[in-house]
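This report refers to the structure that appears directly beneath it.
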Amino acid sequence: MPLWLLPALFLLAQALPFHGAAAQTANWPERPIRLVIPFGPGGLSDGIARAAGEWLSRRLGTPVVADNRPGGNGAIGLEAVARAPADGYTLIAASASHFVVLPLMQKLTVDPHKDFAPIAVTAGSALVLVTQPSLGFRTLKDFVDYVAARPGQLDYASGGTGGLSHLGMALLLHRTGLSMQHIPYRSGPQAIQDVLAGRVPAYLGNLTEAMPLAQNNGVSLLAVTGTARSVMMPDIPTVAEQGYPGFELGTWNGLAAPAGTPEPIIARIAAELRLACGDEAFRNTILRIGAEPVCGTPAEMRAAIDRQTPAMREAVRLSGATVE
């Protein structure tokens, strides 16, 4: 072989993998996509993930197969996706619980900040302060005044130690200068049932858990923790509106992929998800599940993670929750 051919052959060999990868990206998707859901079937987050998967399946023309991987507080699902090929055929149903809170609560073999590529937040929901109607509270100020007069004497319920209802209440108590005792339950529905029964005076939980009981006057809803009022119950003012500006707490759900997934694939999925908010059926599905549709960008999802992490780190410290 003439020596003058060697540089040309070297350049050709360098280019072939690139063109192969480009062709693979251009033809994506060519087979079903696996959507790992780090929750058990049923519930708010599972419903949101499946709605997003069904939307993508229709838009992309290929099955998006839900794969529930609960366990390890979500760590098992995170690890499965982080170790999967970064080819666009494995996605994870991401949430604030897993991408923000979980790394602060236990040691993981993966880093949600580094090992995943954010795609989009698909839905969000604020929490709501739930109290017993017999206490007669009409506003957040009523609650604050009542608890302030009884420092450390009253309890509040949560859906479990280290969960968002626990951490969120720790932040709220700190911001309002109150002291209450934490009573953890196995789930949010169990916690709110004890508020309904009059055993515990307060609980910070999901609107979906509280709305049916509030409509029957079983509980009182005093404040939502989002930046704006919920479209599901617009008569309930925010914490910020009621004298605590800047208070923001909520949960979100979205999709992410293994780090290194080609940018054109990330952009394609994000673009398809943004279209979902303009679809009435999709919006109604998310609202019916108990969240509000959010059709964002990869950059906005990354910003949500970065913005929420310092607040949750502070909440973990204030709550006294054990960090492994």
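Labels used: A, B, ... for chains in the order of the structure tokens, numbers from 1 for residues in each chain, and numbers from 1 for ligands as shown.
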Closest atom pairs, residues of region 205-290 of chain A within 10 Å of region 305-321 of chain A, only C-alpha atoms, as CSV:
```
residue,atom,partner,partner_atom,distance
A:Glu248,CA,A:Gln308,CA,9.2
A:Leu249,CA,A:Gln308,CA,8.3
A:Gly250,CA,A:Gln308,CA,9.1
A:Thr251,CA,A:Gln308,CA,9.6
A:Trp252,CA,A:Ile305,CA,9.7
```
Taking the chain letters and numbering used in this document, name the residues of region 17-153 of chain A that DSSP puts in strand (DSSP E), as an MDAnalysis selection string. chainID A and resid 33:37 64:68 90:95 116:131
What's around region 84-93 of chain A at 10 Å? Count only C-alpha atoms, leave out sequence neighbours fewer than 5 positions away in its own chain, and write the answer as JSON, numbers by chain. {"A": [21, 24, 25, 28, 29, 30, 31, 32, 33, 34, 35, 36, 37, 38, 39, 45, 46, 48, 49, 50, 52, 53, 64, 65, 66, 67, 68, 77, 78, 79, 98, 116, 117, 118, 119, 121, 122, 253, 254, 255, 256, 257, 258, 259, 260, 261, 262, 263, 264, 265, 266, 269]}
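Residues surrounding Gly198 (chain A) within 12 Å are Val130, Thr131, Gln132, Pro133, Ser134, Leu135, Asp155, Tyr156, Ala157, Ala191, Ile192, Gln193, Asp194, Val195, Pro201, Ala202, Tyr203, Gly218, Val219 and Ser220 of chain A [only C-alpha atoms; sequence separation below 3 positions excluded].
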Could you turn the residues from that selection into a file that holds C-alpha atoms, as a short mmCIF file (atom, residue, chain, number, x, y, z; two decimals), in the first residue's frame?
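What ended up in part-v8.cif:
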```
data_model
loop_
_atom_site.label_atom_id
_atom_site.label_comp_id
_atom_site.auth_asym_id
_atom_site.auth_seq_id
_atom_site.Cartn_x
_atom_site.Cartn_y
_atom_site.Cartn_z
CA VAL A 130 -54.77 20.63 55.79
CA THR A 131 -56.33 21.18 59.24
CA GLN A 132 -59.28 19.99 61.30
CA PRO A 133 -62.43 22.06 60.69
CA SER A 134 -63.27 21.91 64.41
CA LEU A 135 -60.32 24.21 65.10
CA ASP A 155 -48.52 17.43 66.43
CA TYR A 156 -48.49 17.38 62.66
CA ALA A 157 -48.82 14.34 60.43
CA ALA A 191 -52.07 10.78 57.59
CA ILE A 192 -54.99 12.76 56.24
CA GLN A 193 -57.46 10.21 57.61
CA ASP A 194 -56.19 10.93 61.11
CA VAL A 195 -56.64 14.66 60.51
CA PRO A 201 -54.54 18.82 63.86
CA ALA A 202 -52.48 19.40 60.70
CA TYR A 203 -50.92 17.80 57.64
CA GLY A 218 -64.22 16.98 56.31
CA VAL A 219 -61.03 19.07 56.42
CA SER A 220 -60.05 22.72 55.99
#
```
Tell me, counting only C-alpha atoms, for each residue of region 104-147 of chain A within 10 Å of region 235-239 of chain A, which pair of atoms is nearest and how far apart they are in Å to one decimal, in rows ordered by chain and increasing number, as CSV.
```
residue,atom,partner,partner_atom,distance
A:Ala126,CA,A:Thr238,CA,9.5
A:Leu127,CA,A:Thr238,CA,9.9
A:Val128,CA,A:Thr238,CA,8.8
A:Leu129,CA,A:Val239,CA,9.2
A:Thr139,CA,A:Pro237,CA,8.8
A:Leu140,CA,A:Val239,CA,7.4
A:Lys141,CA,A:Val239,CA,9.9
```
To one decimal in Å, tell me the separation between CA of Phe137 (chain A) and CA of Gly124 (chain A).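 CA of Gly124 (chain A) lies at a distance of 27.1 Å from CA of Phe137 (chain A).
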Residue with smallest distance to Leu60 (chain A) - pool A:Val110, A:Leu273, A:Asp115, A:Thr297, counting only C-alpha atoms: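 Using only C-alpha atoms, Leu60 (chain A) sits closest to A:Leu273.
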Report, in Å to a single decimal, how far apart CA of Arg138 (chain A) and CA of Glu292 (chain A) are.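 So the two atoms, CA of Glu292 (chain A) and CA of Arg138 (chain A), lie 25.2 Å apart.
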Contacts between region 175-190 of chain A and region 207-282 of chain A, please, where a residue of region 207-282 of chain A counts if it comes within 12 Å (with only C-alpha atoms); show its shortest atom pair and distance in Å to one decimal, rows by chain and ascending number, as a Markdown table.
```
| residue | atom | partner | partner_atom | distance |
| --- | --- | --- | --- | --- |
| A:Leu207 | CA | A:Gly188 | CA | 10.8 |
| A:Thr208 | CA | A:Pro189 | CA | 9.9 |
| A:Glu209 | CA | A:Pro189 | CA | 6.4 |
| A:Ala210 | CA | A:Pro189 | CA | 8.8 |
| A:Met211 | CA | A:Pro189 | CA | 11.9 |
| A:Pro212 | CA | A:Pro189 | CA | 11.7 |
| A:Leu213 | CA | A:Pro189 | CA | 10.9 |
| A:Val239 | CA | A:Thr176 | CA | 10.1 |
| A:Ala240 | CA | A:Arg175 | CA | 10.8 |
| A:Gln242 | CA | A:Thr176 | CA | 11.0 |
| A:Gly243 | CA | A:Thr176 | CA | 9.4 |
| A:Tyr244 | CA | A:Arg175 | CA | 7.6 |
| A:Pro245 | CA | A:Arg175 | CA | 10.2 |
| A:Gly246 | CA | A:Arg175 | CA | 10.3 |
| A:Phe247 | CA | A:Arg175 | CA | 8.2 |
| A:Glu248 | CA | A:Arg175 | CA | 11.1 |
```
Residue subset to file, keeping N, CA and C atoms, as a compact mmCIF listing (two decimals), in the first residue's frame:
```
# COMPACT_ATOMS: atom_id res chain seq x y z
N LEU A 207 -52.83 17.91 46.99
CA LEU A 207 -54.20 18.38 46.78
C LEU A 207 -55.15 17.24 46.46
N THR A 208 -54.66 16.25 45.72
CA THR A 208 -55.54 15.15 45.32
C THR A 208 -56.06 14.37 46.52
N GLU A 209 -55.25 14.28 47.57
CA GLU A 209 -55.68 13.59 48.78
C GLU A 209 -56.72 14.41 49.53
N ALA A 210 -56.55 15.74 49.47
CA ALA A 210 -57.35 16.62 50.32
C ALA A 210 -58.64 17.11 49.67
N MET A 211 -58.65 17.25 48.36
CA MET A 211 -59.80 17.87 47.69
C MET A 211 -61.13 17.17 47.98
N PRO A 212 -61.22 15.84 47.85
CA PRO A 212 -62.52 15.20 48.10
C PRO A 212 -63.02 15.42 49.53
N LEU A 213 -62.10 15.40 50.49
CA LEU A 213 -62.49 15.59 51.89
C LEU A 213 -62.90 17.03 52.15
N VAL A 239 -49.12 30.35 50.35
CA VAL A 239 -48.42 30.76 51.58
C VAL A 239 -47.83 32.16 51.38
N ALA A 240 -47.27 32.39 50.20
CA ALA A 240 -46.65 33.70 49.92
C ALA A 240 -47.67 34.84 50.00
N GLN A 242 -50.11 35.04 51.89
CA GLN A 242 -50.61 35.22 53.25
C GLN A 242 -49.51 35.66 54.23
N GLY A 243 -48.56 36.41 53.70
CA GLY A 243 -47.59 37.05 54.58
C GLY A 243 -46.20 36.46 54.58
N TYR A 244 -45.91 35.49 53.70
CA TYR A 244 -44.59 34.88 53.68
C TYR A 244 -44.05 34.86 52.25
N PRO A 245 -43.74 36.04 51.71
CA PRO A 245 -43.29 36.13 50.31
C PRO A 245 -42.04 35.30 50.05
N GLY A 246 -42.01 34.71 48.87
CA GLY A 246 -40.86 33.91 48.49
C GLY A 246 -40.96 32.45 48.87
N PHE A 247 -41.96 32.10 49.70
CA PHE A 247 -42.10 30.69 50.06
C PHE A 247 -42.60 29.91 48.85
N GLU A 248 -41.85 28.88 48.49
CA GLU A 248 -42.22 28.05 47.33
C GLU A 248 -41.85 26.62 47.62
```
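CA of Ile289 (chain A) lies 27.7 Å from CA of His113 (chain A).
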Apply DSSP to the structure's backbone, then extract all residues of region 64-121 of chain A labelled helix (DSSP H, G or I) and return them as a list in words.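 Checking each residue of region 64-121 of chain A, the helix (DSSP H, G or I) ones are Gly72, Asn73, Gly74, Ala75, Ile76, Gly77, Leu78, Glu79, Ala80, Val81, Ala82, Ala96, Ser97, His98, Phe99, Val100, Val101, Leu102, Pro103, Leu104 and Met105 of chain A.
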